[in-house]
Structures are given as structure tokens and as C-alpha cells.
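Q: Got a structure here, written out as C-alpha cells. Questions coming.
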Amino acid sequence: MDIYQSGVRPLLFSVLKTDAEWLHNRTLQLLEVAAKTQSNPATSQMLWRLHKSLGVQDSRLEQSKWGLSFKNPVGLAAGFDKNGVAADIWENFGFGFAELGTVTSQPQPGNPQPRLFRLSADSAALNRMGFNNQGAAAMAARFQAAQKHSKDVSPSIPQSPFPLGLNLGKSKVTPLEQAAADYLESFKLLKDWGDYFVVNVSSPNTPGLRSLQDAAGLSTILETLQQENQGIKPILVKIAPDLEPEAIASILDLAKTYQVAGIIATNTTIRRDGLKTQILRETGKPIAEEAGGISGMPVQERSTQVIRFIWQYTKGELPIIGVGGIFTAQDAWEKIAAGASLIQVYTGWVYEGPWMVRRILEGLLQKLEEKGFNSISEAVGSENIK
């Protein structure tokens, strides 16, 4: 029996009706304490038990991308750990990698509260957070401090590198025409700490940001970053699910021109059609009038369609990280078969709980056996190969 699904989630979501952002912040505070006290025997033992309970070790799940080793394809999506406070312990939750951020060059409080809502009837979330974070300099300082106070070796600390991605956004105070310099400042501060970097031009919660997905805006950002990067770190682009095929194709052409390492498909959607939730309980307003992006089940099918399009357009040559509406092993498999080498979870993890990662990984292994594949790499894009 999954105690999270049978007891914890109903209590927090339905009985107590806890505010989504408040609960998220309390969770991160606990994780930050755990990360800072790993050398404590009690914390070390707890993390070791989590690692054994929530993870799955199997060589068939392993992949190598961009010179990085991924123990499994399931990662934590950006948005959960915006400031990297739990960077050291995400592997203990069964993940194969984690993406931190979104971080901006300037610290910013984000949009007014309330700004994070559960749409339980739709297995979804609505957020208009607005890139609230402590800024790139603070994140860099946190990484530097963690390195200086490197922990004693203990069972809870993995002996192999755990890939960390850093998701970069534009500061709200920065004019759109200066976006490239803003992304560059964050990259300069953090380039020694991230294993890969993501240009986030697809959040609907920073005014005008999605306009940077067009050729002129994105090419300037990518050119500026790659001049600084000199091919050292993988740089990916995260796109919106609401783009038309022609717009996606334009981004993919730019990706080739500027040697982008991969695409993350997709961010949240601004569409409201097909939702069961009609009135947002916290505000009393129709959901159609509420600003923000929706994640979870409503974006599941569309994100898979985008993944499939990217794989077919690039003939499987551009790695894809698939994200959007992943709750089960079947959901994960559909994205991998459509063309995603790696996948990320956030909303599904909140609804399904910490044992979801293990269930997905075990389910993927079962799928590999059913399909006669020897590794997850063989399954990537397999539905497109006739």
C-alpha cells in the first residue's frame, strides 16, 4: 500500500485543503535541512533508506548523453527546486537526473500570491509563479559553499556523478531587447556548476517571454550564449506546447545552426479547453479568466505530439527531454517511443507521490522485455521506425 496516495495526499489536498505553494515551500525546507545535514548519521541513514526504497538499479535503464551518464531516464523537472537547495539529495528519490531553476540573473519575488493552484479534477496544476528565485549569484554561492563543505562519504551519497541541469530564464526587469545579455549573465555565474543548461523562453508567466521563441529573439540568445560557452556545456531549449508546427520547425532549424544539444518538450500550456475544473476554488473566478500555465494531464497528449514531431523532423538526431502529464510507466513509455531519450516529472510526482519514480522505472523495464529491447536507448523513437 502506498501511504502517500492512501493517506497523506487525501489529508493534505482534500481534508486540510492546504495551499499548494505553502505546502511546496514547507517540503523544500525539509529537503534543504536534509541536504545540509547529510553527514549526520540519522540523516545519512534516512537518505540511504530512501535511495533503496524509491530507486531502481538496472543497466538497461542507463544512457549516455552529451558526455553525461544517466542511471535512468526519469528526471525532476525545473520549477520544483528553483534555488537548488536540495541539489545534493535528489538522486535519493530515485531520479536519474534533476533540473534546477528556473533561475534568473536578478533575484525576484515573482508574481503576487496566490499563484499556484491544484486542479485535482484534471490531475493538473495552474501556476503563475513568475520565476520567483534568489538569483543566479545566490545559486552559484550555494554550489560553491557545498563544494567547500564536501560531505564525508556515506551510504546516502552516490559514488557516481548525478547530472544536474540548470534552467535559465529572463529577469522580469530586463527589457526583451536585452534578453540575451540577461541569459548570458546567469550562464557566466553558473557555467561551472551545471552539467547542462536550458534556455527557458516558453514560460507564460513573464511578460513577452514566449515571443523570444521566434527566430530573431532566440537566435540572438543562442549566439550570445554559444560564444561564451565555446561548446563546453550542453545547451538545450525548452519550448511551449502551444506552438504551431511551423514555429517548432523554425526553432529546430536554429538548433542546428547554433549547435543546440537538445529540446525540452514541453512547458505548460495556456489553453483551457477540455478542463473539468470550471471555477477556481481559491479565487471564485472561471478558470478561463485565470492567468498562468497548466501542467499535468491536460498537456500530456500535446507534449507527446510535439516530441513526435521533433523526432520526425530531425530524423531522431536531436535529443529530446519529454515532459508533460507523466503519471505512469505507460505515460513515460509513450513519450520515449515517440522520441524522448529522457523524461521529466513534476505535477505527476506531486499527485502520485515519491514511489511514482520506482513504479515508472519498473514499468519501463517490463515494457523493454515485452518489446524485446535490450536497453532504453533502443526504445527511443521506436514507434516512428517501421
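Ligands are numbered from 1 in the order shown, chains are lettered A, B, ... in the order of the C-alpha cells, and residues start at 1 in each chain.
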For segment 269-340 of chain A versus segment 126-131 of chain A, which residues have an atom no more than 8 Å away, and what is each residue's nearest atom pair and distance in Å rounded to one decimal, using only C-alpha atoms, chain-then-number order, as CSV?
A:
```
residue,atom,partner,partner_atom,distance
A:Ala291,CA,A:Arg128,CA,6.7
A:Gly292,CA,A:Arg128,CA,4.3
A:Gly293,CA,A:Asn127,CA,5.5
A:Ile294,CA,A:Leu126,CA,4.5
A:Ser295,CA,A:Leu126,CA,6.6
```
Q: I need the chosen residues saved as a PDB file, in the first residue's frame, with N, CA and C atoms.
A:
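Okay, this is what ended up in part-v3.pdb:
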```pdb
ATOM      1  N   ALA A 291      -4.982  33.745 -15.237  1.00  0.00           N
ATOM      2  CA  ALA A 291      -3.696  33.727 -15.931  1.00  0.00           C
ATOM      3  C   ALA A 291      -2.855  32.557 -15.441  1.00  0.00           C
ATOM      4  N   GLY A 292      -1.873  32.170 -16.258  1.00  0.00           N
ATOM      5  CA  GLY A 292      -0.942  31.128 -15.847  1.00  0.00           C
ATOM      6  C   GLY A 292      -0.889  29.972 -16.805  1.00  0.00           C
ATOM      7  N   GLY A 293       0.043  29.081 -16.552  1.00  0.00           N
ATOM      8  CA  GLY A 293       0.213  27.893 -17.373  1.00  0.00           C
ATOM      9  C   GLY A 293      -0.288  26.659 -16.652  1.00  0.00           C
ATOM     10  N   ILE A 294      -0.845  25.738 -17.407  1.00  0.00           N
ATOM     11  CA  ILE A 294      -1.373  24.492 -16.840  1.00  0.00           C
ATOM     12  C   ILE A 294      -0.444  23.340 -17.163  1.00  0.00           C
ATOM     13  N   SER A 295      -0.151  22.549 -16.137  1.00  0.00           N
ATOM     14  CA  SER A 295       0.703  21.368 -16.281  1.00  0.00           C
ATOM     15  C   SER A 295      -0.085  20.133 -15.877  1.00  0.00           C
TER      16      SER A 295
END
```
Q: For Lys71 of chain A, work out the shell of residues within 7 Å, counting only C-alpha atoms and skipping chain neighbours fewer than 4 positions away, then give it as an NGL selection string.
A: :A and (61-63 or 96)
Q: Tell me which of A:Asn384, A:Gln57, A:Asn72, A:Thr43 sits closest to Phe97 of chain A, counting only C-alpha atoms.
A: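 Smallest separation from Phe97 of chain A among the options: A:Asn72.
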Q: Using only C-alpha atoms, which of the listed residues (A:Gly67, A:Pro163, A:Gly322, A:Gly381) sits closest to Ala87 of chain A?
A: A:Pro163
Q: May I have the residues within 9 Å of Phe93 of chain A as an NGL selection string, using only C-alpha atoms and disregarding those fewer than 5 positions away in the same chain?
A: :A and (47 or 50-55 or 354-355 or 357-358)
Q: Write the residues of the selection above to a file with all heavy atoms, as a PDB file, in the first residue's frame.
A:
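That gives us out.pdb:
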```
ATOM      1  N   LEU A  47      18.422   8.916   4.214  1.00  0.00           N
ATOM      2  CA  LEU A  47      18.606   9.084   2.779  1.00  0.00           C
ATOM      3  C   LEU A  47      18.966   7.759   2.108  1.00  0.00           C
ATOM      4  O   LEU A  47      18.530   7.472   0.986  1.00  0.00           O
ATOM      5  CB  LEU A  47      19.682  10.138   2.507  1.00  0.00           C
ATOM      6  CG  LEU A  47      19.306  11.580   2.874  1.00  0.00           C
ATOM      7  CD1 LEU A  47      20.511  12.496   2.730  1.00  0.00           C
ATOM      8  CD2 LEU A  47      18.157  12.072   2.004  1.00  0.00           C
ATOM      9  N   LEU A  50      15.791   5.861   1.725  1.00  0.00           N
ATOM     10  CA  LEU A  50      15.020   6.417   0.617  1.00  0.00           C
ATOM     11  C   LEU A  50      15.570   5.930  -0.719  1.00  0.00           C
ATOM     12  O   LEU A  50      14.811   5.535  -1.611  1.00  0.00           O
ATOM     13  CB  LEU A  50      15.069   7.949   0.650  1.00  0.00           C
ATOM     14  CG  LEU A  50      14.140   8.669   1.622  1.00  0.00           C
ATOM     15  CD1 LEU A  50      14.417  10.168   1.581  1.00  0.00           C
ATOM     16  CD2 LEU A  50      12.675   8.403   1.285  1.00  0.00           C
ATOM     17  N   HIS A  51      16.872   5.964  -0.837  1.00  0.00           N
ATOM     18  CA  HIS A  51      17.524   5.553  -2.086  1.00  0.00           C
ATOM     19  C   HIS A  51      17.200   4.102  -2.420  1.00  0.00           C
ATOM     20  O   HIS A  51      16.925   3.765  -3.582  1.00  0.00           O
ATOM     21  CB  HIS A  51      19.037   5.751  -1.947  1.00  0.00           C
ATOM     22  CG  HIS A  51      19.771   5.741  -3.257  1.00  0.00           C
ATOM     23  ND1 HIS A  51      20.578   4.713  -3.644  1.00  0.00           N
ATOM     24  CD2 HIS A  51      19.782   6.642  -4.263  1.00  0.00           C
ATOM     25  CE1 HIS A  51      21.081   4.981  -4.842  1.00  0.00           C
ATOM     26  NE2 HIS A  51      20.626   6.134  -5.232  1.00  0.00           N
ATOM     27  N   LYS A  52      17.199   3.259  -1.433  1.00  0.00           N
ATOM     28  CA  LYS A  52      16.901   1.835  -1.642  1.00  0.00           C
ATOM     29  C   LYS A  52      15.424   1.615  -1.938  1.00  0.00           C
ATOM     30  O   LYS A  52      15.053   0.756  -2.740  1.00  0.00           O
ATOM     31  CB  LYS A  52      17.310   1.024  -0.392  1.00  0.00           C
ATOM     32  CG  LYS A  52      18.803   0.911  -0.177  1.00  0.00           C
ATOM     33  CD  LYS A  52      19.454   0.154  -1.315  1.00  0.00           C
ATOM     34  CE  LYS A  52      20.951  -0.012  -1.085  1.00  0.00           C
ATOM     35  NZ  LYS A  52      21.603  -0.698  -2.233  1.00  0.00           N
ATOM     36  N   SER A  53      14.563   2.398  -1.288  1.00  0.00           N
ATOM     37  CA  SER A  53      13.123   2.202  -1.425  1.00  0.00           C
ATOM     38  C   SER A  53      12.554   2.795  -2.706  1.00  0.00           C
ATOM     39  O   SER A  53      11.657   2.220  -3.324  1.00  0.00           O
ATOM     40  CB  SER A  53      12.410   2.817  -0.219  1.00  0.00           C
ATOM     41  OG  SER A  53      11.010   2.732  -0.351  1.00  0.00           O
ATOM     42  N   LEU A  54      13.093   3.937  -3.127  1.00  0.00           N
ATOM     43  CA  LEU A  54      12.487   4.676  -4.226  1.00  0.00           C
ATOM     44  C   LEU A  54      13.183   4.473  -5.566  1.00  0.00           C
ATOM     45  O   LEU A  54      12.625   4.836  -6.604  1.00  0.00           O
ATOM     46  CB  LEU A  54      12.465   6.172  -3.896  1.00  0.00           C
ATOM     47  CG  LEU A  54      11.785   6.574  -2.579  1.00  0.00           C
ATOM     48  CD1 LEU A  54      11.855   8.081  -2.399  1.00  0.00           C
ATOM     49  CD2 LEU A  54      10.340   6.090  -2.541  1.00  0.00           C
ATOM     50  N   GLY A  55      14.386   3.931  -5.550  1.00  0.00           N
ATOM     51  CA  GLY A  55      15.159   3.806  -6.782  1.00  0.00           C
ATOM     52  C   GLY A  55      15.154   2.405  -7.369  1.00  0.00           C
ATOM     53  O   GLY A  55      14.755   1.440  -6.727  1.00  0.00           O
ATOM     54  N   PRO A 354       6.187   9.974  -3.933  1.00  0.00           N
ATOM     55  CA  PRO A 354       7.589   9.621  -4.158  1.00  0.00           C
ATOM     56  C   PRO A 354       7.824   8.238  -4.733  1.00  0.00           C
ATOM     57  O   PRO A 354       8.871   7.999  -5.343  1.00  0.00           O
ATOM     58  CB  PRO A 354       8.212   9.758  -2.764  1.00  0.00           C
ATOM     59  CG  PRO A 354       7.069   9.698  -1.811  1.00  0.00           C
ATOM     60  CD  PRO A 354       5.905  10.278  -2.524  1.00  0.00           C
ATOM     61  N   TRP A 355       6.873   7.305  -4.559  1.00  0.00           N
ATOM     62  CA  TRP A 355       7.076   5.968  -5.115  1.00  0.00           C
ATOM     63  C   TRP A 355       6.755   5.898  -6.603  1.00  0.00           C
ATOM     64  O   TRP A 355       6.930   4.874  -7.223  1.00  0.00           O
ATOM     65  CB  TRP A 355       6.259   4.937  -4.337  1.00  0.00           C
ATOM     66  CG  TRP A 355       6.911   4.559  -3.051  1.00  0.00           C
ATOM     67  CD1 TRP A 355       7.853   3.578  -2.858  1.00  0.00           C
ATOM     68  CD2 TRP A 355       6.723   5.175  -1.780  1.00  0.00           C
ATOM     69  NE1 TRP A 355       8.256   3.555  -1.547  1.00  0.00           N
ATOM     70  CE2 TRP A 355       7.578   4.518  -0.850  1.00  0.00           C
ATOM     71  CE3 TRP A 355       5.914   6.213  -1.316  1.00  0.00           C
ATOM     72  CZ2 TRP A 355       7.644   4.865   0.496  1.00  0.00           C
ATOM     73  CZ3 TRP A 355       5.978   6.573   0.020  1.00  0.00           C
ATOM     74  CH2 TRP A 355       6.822   5.902   0.902  1.00  0.00           C
ATOM     75  N   VAL A 357       8.339   7.250  -9.099  1.00  0.00           N
ATOM     76  CA  VAL A 357       9.540   7.050  -9.913  1.00  0.00           C
ATOM     77  C   VAL A 357       9.865   5.562 -10.012  1.00  0.00           C
ATOM     78  O   VAL A 357      10.143   5.041 -11.098  1.00  0.00           O
ATOM     79  CB  VAL A 357      10.736   7.837  -9.343  1.00  0.00           C
ATOM     80  CG1 VAL A 357      11.990   7.566 -10.159  1.00  0.00           C
ATOM     81  CG2 VAL A 357      10.429   9.335  -9.326  1.00  0.00           C
ATOM     82  N   ARG A 358       9.815   4.878  -8.871  1.00  0.00           N
ATOM     83  CA  ARG A 358      10.098   3.437  -8.891  1.00  0.00           C
ATOM     84  C   ARG A 358       9.088   2.682  -9.751  1.00  0.00           C
ATOM     85  O   ARG A 358       9.459   1.800 -10.531  1.00  0.00           O
ATOM     86  CB  ARG A 358      10.090   2.888  -7.464  1.00  0.00           C
ATOM     87  CG  ARG A 358      10.483   1.410  -7.405  1.00  0.00           C
ATOM     88  CD  ARG A 358      10.418   0.823  -6.003  1.00  0.00           C
ATOM     89  NE  ARG A 358      10.976  -0.518  -6.012  1.00  0.00           N
ATOM     90  CZ  ARG A 358      12.207  -0.831  -5.639  1.00  0.00           C
ATOM     91  NH1 ARG A 358      13.031   0.120  -5.222  1.00  0.00           N
ATOM     92  NH2 ARG A 358      12.642  -2.071  -5.699  1.00  0.00           N
TER      93      ARG A 358
END
```
Q: Nearest to Ile321 of chain A: which of A:Ala78, A:Ala137, A:Leu243, A:Leu365 is it, counting only C-alpha atoms?
A: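 The shortest atom-to-atom distance to Ile321 of chain A comes from A:Ala78.
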Q: For Thr18 of chain A, please output as JSON, numbers by chain all residues within 12 Å (counting only C-alpha atoms; exclusion window: fewer than 3 positions along the same chain).
A: {"A": [8, 9, 10, 11, 12, 13, 14, 15, 21, 22, 23, 24, 25, 26, 116, 117, 118, 282]}
Q: Please produce a file of those selected residues containing C-alpha atoms, as a PDB file, in the first residue's frame.
A:
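And here is the file that came out, selection.pdb:
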```
ATOM      1  CA  VAL A   8      -1.044  11.756   3.008  1.00  0.00           C
ATOM      2  CA  ARG A   9      -2.384  13.181  -0.244  1.00  0.00           C
ATOM      3  CA  PRO A  10      -6.113  12.965   0.655  1.00  0.00           C
ATOM      4  CA  LEU A  11      -5.378  14.595   4.012  1.00  0.00           C
ATOM      5  CA  LEU A  12      -3.361  17.467   2.578  1.00  0.00           C
ATOM      6  CA  PHE A  13      -5.302  18.041  -0.646  1.00  0.00           C
ATOM      7  CA  SER A  14      -8.917  17.265   0.281  1.00  0.00           C
ATOM      8  CA  VAL A  15      -9.348  17.408   4.050  1.00  0.00           C
ATOM      9  CA  GLU A  21       2.601  26.969  -2.588  1.00  0.00           C
ATOM     10  CA  TRP A  22       2.723  26.841   1.219  1.00  0.00           C
ATOM     11  CA  LEU A  23       2.981  23.056   1.113  1.00  0.00           C
ATOM     12  CA  HIS A  24       5.621  23.216  -1.592  1.00  0.00           C
ATOM     13  CA  ASN A  25       7.729  25.626   0.440  1.00  0.00           C
ATOM     14  CA  ARG A  26       7.462  23.506   3.605  1.00  0.00           C
ATOM     15  CA  LEU A 116      -0.100  28.089  -7.565  1.00  0.00           C
ATOM     16  CA  PHE A 117      -3.274  26.021  -7.666  1.00  0.00           C
ATOM     17  CA  ARG A 118      -4.169  22.340  -7.790  1.00  0.00           C
ATOM     18  CA  GLU A 282      -9.387  29.849  -4.254  1.00  0.00           C
TER      19      GLU A 282
END
```
Q: Taking the chain letters and numbering used in this document, name the residues of segment 265-344 of chain A that DSSP puts in strand (DSSP E or B), as a list in words.
A: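 Listing strand (DSSP E or B) positions across segment 265-344 of chain A yields Ala265, Thr269, Ile279, Pro286, Gly293, Ile294, Ser295, Gly296, Ile320, Ile321, Gly322, Val323, Leu342, Ile343 and Gln344 of chain A.
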Q: Export all heavy atoms of the chosen residues as an mmCIF file, in the first residue's frame?
A:
```cif
data_model
loop_
_atom_site.group_PDB
_atom_site.id
_atom_site.type_symbol
_atom_site.label_atom_id
_atom_site.label_comp_id
_atom_site.auth_asym_id
_atom_site.auth_seq_id
_atom_site.Cartn_x
_atom_site.Cartn_y
_atom_site.Cartn_z
ATOM 1 N N ALA A 265 10.577 19.309 -24.364
ATOM 2 C CA ALA A 265 9.206 19.441 -24.862
ATOM 3 C C ALA A 265 8.250 18.764 -23.881
ATOM 4 O O ALA A 265 8.282 17.545 -23.757
ATOM 5 C CB ALA A 265 9.086 18.808 -26.253
ATOM 6 N N THR A 269 0.875 24.799 -20.681
ATOM 7 C CA THR A 269 0.005 25.305 -21.746
ATOM 8 C C THR A 269 -0.869 26.449 -21.255
ATOM 9 O O THR A 269 -1.258 26.503 -20.074
ATOM 10 C CB THR A 269 -0.895 24.177 -22.296
ATOM 11 O OG1 THR A 269 -1.698 24.702 -23.367
ATOM 12 C CG2 THR A 269 -1.818 23.611 -21.228
ATOM 13 N N ILE A 279 -14.422 26.525 -12.239
ATOM 14 C CA ILE A 279 -14.246 27.647 -11.316
ATOM 15 C C ILE A 279 -13.064 27.336 -10.395
ATOM 16 O O ILE A 279 -12.976 26.246 -9.829
ATOM 17 C CB ILE A 279 -15.511 27.884 -10.460
ATOM 18 C CG1 ILE A 279 -16.716 28.152 -11.349
ATOM 19 C CG2 ILE A 279 -15.288 29.036 -9.482
ATOM 20 C CD1 ILE A 279 -16.661 29.447 -12.133
ATOM 21 N N PRO A 286 -13.888 32.035 -13.023
ATOM 22 C CA PRO A 286 -13.810 30.992 -14.051
ATOM 23 C C PRO A 286 -12.354 30.726 -14.431
ATOM 24 O O PRO A 286 -11.541 31.655 -14.531
ATOM 25 C CB PRO A 286 -14.590 31.595 -15.231
ATOM 26 C CG PRO A 286 -15.490 32.608 -14.611
ATOM 27 C CD PRO A 286 -14.739 33.167 -13.442
ATOM 28 N N GLY A 293 0.043 29.081 -16.552
ATOM 29 C CA GLY A 293 0.213 27.893 -17.373
ATOM 30 C C GLY A 293 -0.288 26.659 -16.652
ATOM 31 O O GLY A 293 -0.172 26.551 -15.430
ATOM 32 N N ILE A 294 -0.845 25.738 -17.407
ATOM 33 C CA ILE A 294 -1.373 24.492 -16.840
ATOM 34 C C ILE A 294 -0.444 23.340 -17.163
ATOM 35 O O ILE A 294 0.000 23.168 -18.307
ATOM 36 C CB ILE A 294 -2.799 24.226 -17.359
ATOM 37 C CG1 ILE A 294 -3.757 25.253 -16.762
ATOM 38 C CG2 ILE A 294 -3.263 22.818 -17.015
ATOM 39 C CD1 ILE A 294 -5.193 25.117 -17.211
ATOM 40 N N SER A 295 -0.151 22.549 -16.137
ATOM 41 C CA SER A 295 0.703 21.368 -16.281
ATOM 42 C C SER A 295 -0.085 20.133 -15.877
ATOM 43 O O SER A 295 -1.189 20.233 -15.348
ATOM 44 C CB SER A 295 1.949 21.508 -15.400
ATOM 45 O OG SER A 295 1.567 21.650 -14.036
ATOM 46 N N GLY A 296 0.506 18.962 -16.105
ATOM 47 C CA GLY A 296 -0.157 17.723 -15.727
ATOM 48 C C GLY A 296 -0.906 17.096 -16.878
ATOM 49 O O GLY A 296 -0.561 17.274 -18.049
ATOM 50 N N ILE A 320 15.823 14.663 -27.166
ATOM 51 C CA ILE A 320 14.638 15.309 -26.621
ATOM 52 C C ILE A 320 14.442 14.876 -25.175
ATOM 53 O O ILE A 320 14.565 13.701 -24.857
ATOM 54 C CB ILE A 320 13.376 14.919 -27.421
ATOM 55 C CG1 ILE A 320 13.550 15.235 -28.914
ATOM 56 C CG2 ILE A 320 12.133 15.611 -26.865
ATOM 57 C CD1 ILE A 320 12.529 14.545 -29.796
ATOM 58 N N ILE A 321 14.141 15.849 -24.322
ATOM 59 C CA ILE A 321 13.671 15.548 -22.965
ATOM 60 C C ILE A 321 12.169 15.795 -22.962
ATOM 61 O O ILE A 321 11.712 16.912 -23.219
ATOM 62 C CB ILE A 321 14.360 16.415 -21.908
ATOM 63 C CG1 ILE A 321 15.874 16.173 -21.905
ATOM 64 C CG2 ILE A 321 13.784 16.114 -20.513
ATOM 65 C CD1 ILE A 321 16.642 17.006 -20.884
ATOM 66 N N GLY A 322 11.395 14.756 -22.709
ATOM 67 C CA GLY A 322 9.945 14.852 -22.748
ATOM 68 C C GLY A 322 9.370 15.129 -21.380
ATOM 69 O O GLY A 322 9.715 14.465 -20.405
ATOM 70 N N VAL A 323 8.468 16.095 -21.313
ATOM 71 C CA VAL A 323 7.844 16.443 -20.034
ATOM 72 C C VAL A 323 6.420 16.925 -20.298
ATOM 73 O O VAL A 323 6.158 17.618 -21.274
ATOM 74 C CB VAL A 323 8.681 17.519 -19.289
ATOM 75 C CG1 VAL A 323 8.915 18.736 -20.163
ATOM 76 C CG2 VAL A 323 8.033 17.934 -17.987
ATOM 77 N N LEU A 342 15.051 11.162 -22.635
ATOM 78 C CA LEU A 342 14.886 11.352 -21.200
ATOM 79 C C LEU A 342 13.508 11.959 -20.961
ATOM 80 O O LEU A 342 12.926 12.559 -21.867
ATOM 81 C CB LEU A 342 15.968 12.286 -20.650
ATOM 82 C CG LEU A 342 17.422 11.856 -20.865
ATOM 83 C CD1 LEU A 342 18.368 13.027 -20.585
ATOM 84 C CD2 LEU A 342 17.784 10.668 -19.993
ATOM 85 N N ILE A 343 13.001 11.796 -19.760
ATOM 86 C CA ILE A 343 11.716 12.393 -19.413
ATOM 87 C C ILE A 343 11.834 13.096 -18.067
ATOM 88 O O ILE A 343 12.751 12.823 -17.286
ATOM 89 C CB ILE A 343 10.586 11.336 -19.359
ATOM 90 C CG1 ILE A 343 10.929 10.239 -18.339
ATOM 91 C CG2 ILE A 343 10.314 10.756 -20.731
ATOM 92 C CD1 ILE A 343 9.798 9.264 -18.091
ATOM 93 N N GLN A 344 10.901 14.005 -17.807
ATOM 94 C CA GLN A 344 10.896 14.726 -16.537
ATOM 95 C C GLN A 344 9.492 14.731 -15.951
ATOM 96 O O GLN A 344 8.503 14.740 -16.685
ATOM 97 C CB GLN A 344 11.358 16.178 -16.728
ATOM 98 C CG GLN A 344 12.824 16.312 -17.091
ATOM 99 C CD GLN A 344 13.206 17.760 -17.353
ATOM 100 O OE1 GLN A 344 12.396 18.584 -17.750
ATOM 101 N NE2 GLN A 344 14.472 18.067 -17.137
#
```
Q: Segment 171-182 of chain A: which residues within 12 Å, counting only C-alpha atoms, same-chain residues fewer than 2 positions away excluded, as an NGL selection string?
A: :A and (102-111 or 129-136 or 168-169 or 184-189 or 199-201 or 203 or 205-213 or 216-228)
Q: So which residues of segment 162-310 of chain A fall under alpha helix (DSSP H) by DSSP, listed as number ranges by chain?
A: A: 179-190, 215-229, 245-257, 300-310
Q: Can you build me a table of segment 170-262 of chain A residues sitting at most 12 Å from segment 144-149 of chain A, with the closest atom pair per residue and its distance in Å to one decimal, using only C-alpha atoms, sorted by chain and residue number, as a Markdown table?
A:
```
| residue | atom | partner | partner_atom | distance |
| --- | --- | --- | --- | --- |
| A:Leu189 | CA | A:Gln144 | CA | 11.1 |
| A:Leu190 | CA | A:Gln144 | CA | 10.2 |
| A:Asp192 | CA | A:Gln144 | CA | 9.8 |
| A:Trp193 | CA | A:Gln144 | CA | 8.5 |
| A:Gly194 | CA | A:Gln144 | CA | 12.0 |
```
Q: Figure out the distance between atom CA of Phe162 of chain A and atom CA of Ala140 of chain A, please, to one decimal in Å.
A: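 Separating atom CA of Ala140 of chain A from atom CA of Phe162 of chain A is a distance of 17.5 Å.
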Q: Ranking A:Asp242, A:Glu289, A:Asp122, A:Asp88 by minimum distance to Thr266 of chain A and counting only C-alpha atoms, which one comes first?
A: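 Ranking A:Asp242, A:Glu289, A:Asp122, A:Asp88 by distance to Thr266 of chain A, first place goes to A:Asp242.
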Q: Nearest to Ala379 of chain A among A:Tyr346, A:Tyr351, A:Tyr183, A:Trp333, with distances taken over only C-alpha atoms: which residue is it?
A: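 Looking at the shortest contact to Ala379 of chain A, the residue is A:Trp333.
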Q: For Ser250 of chain A, which residue among A:Ala215, A:Leu100, A:Val237, A:Gln278 is the nearest when counting only C-alpha atoms?
A: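 Of A:Ala215, A:Leu100, A:Val237, A:Gln278, the one nearest Ser250 of chain A, counting only C-alpha atoms, is A:Ala215.
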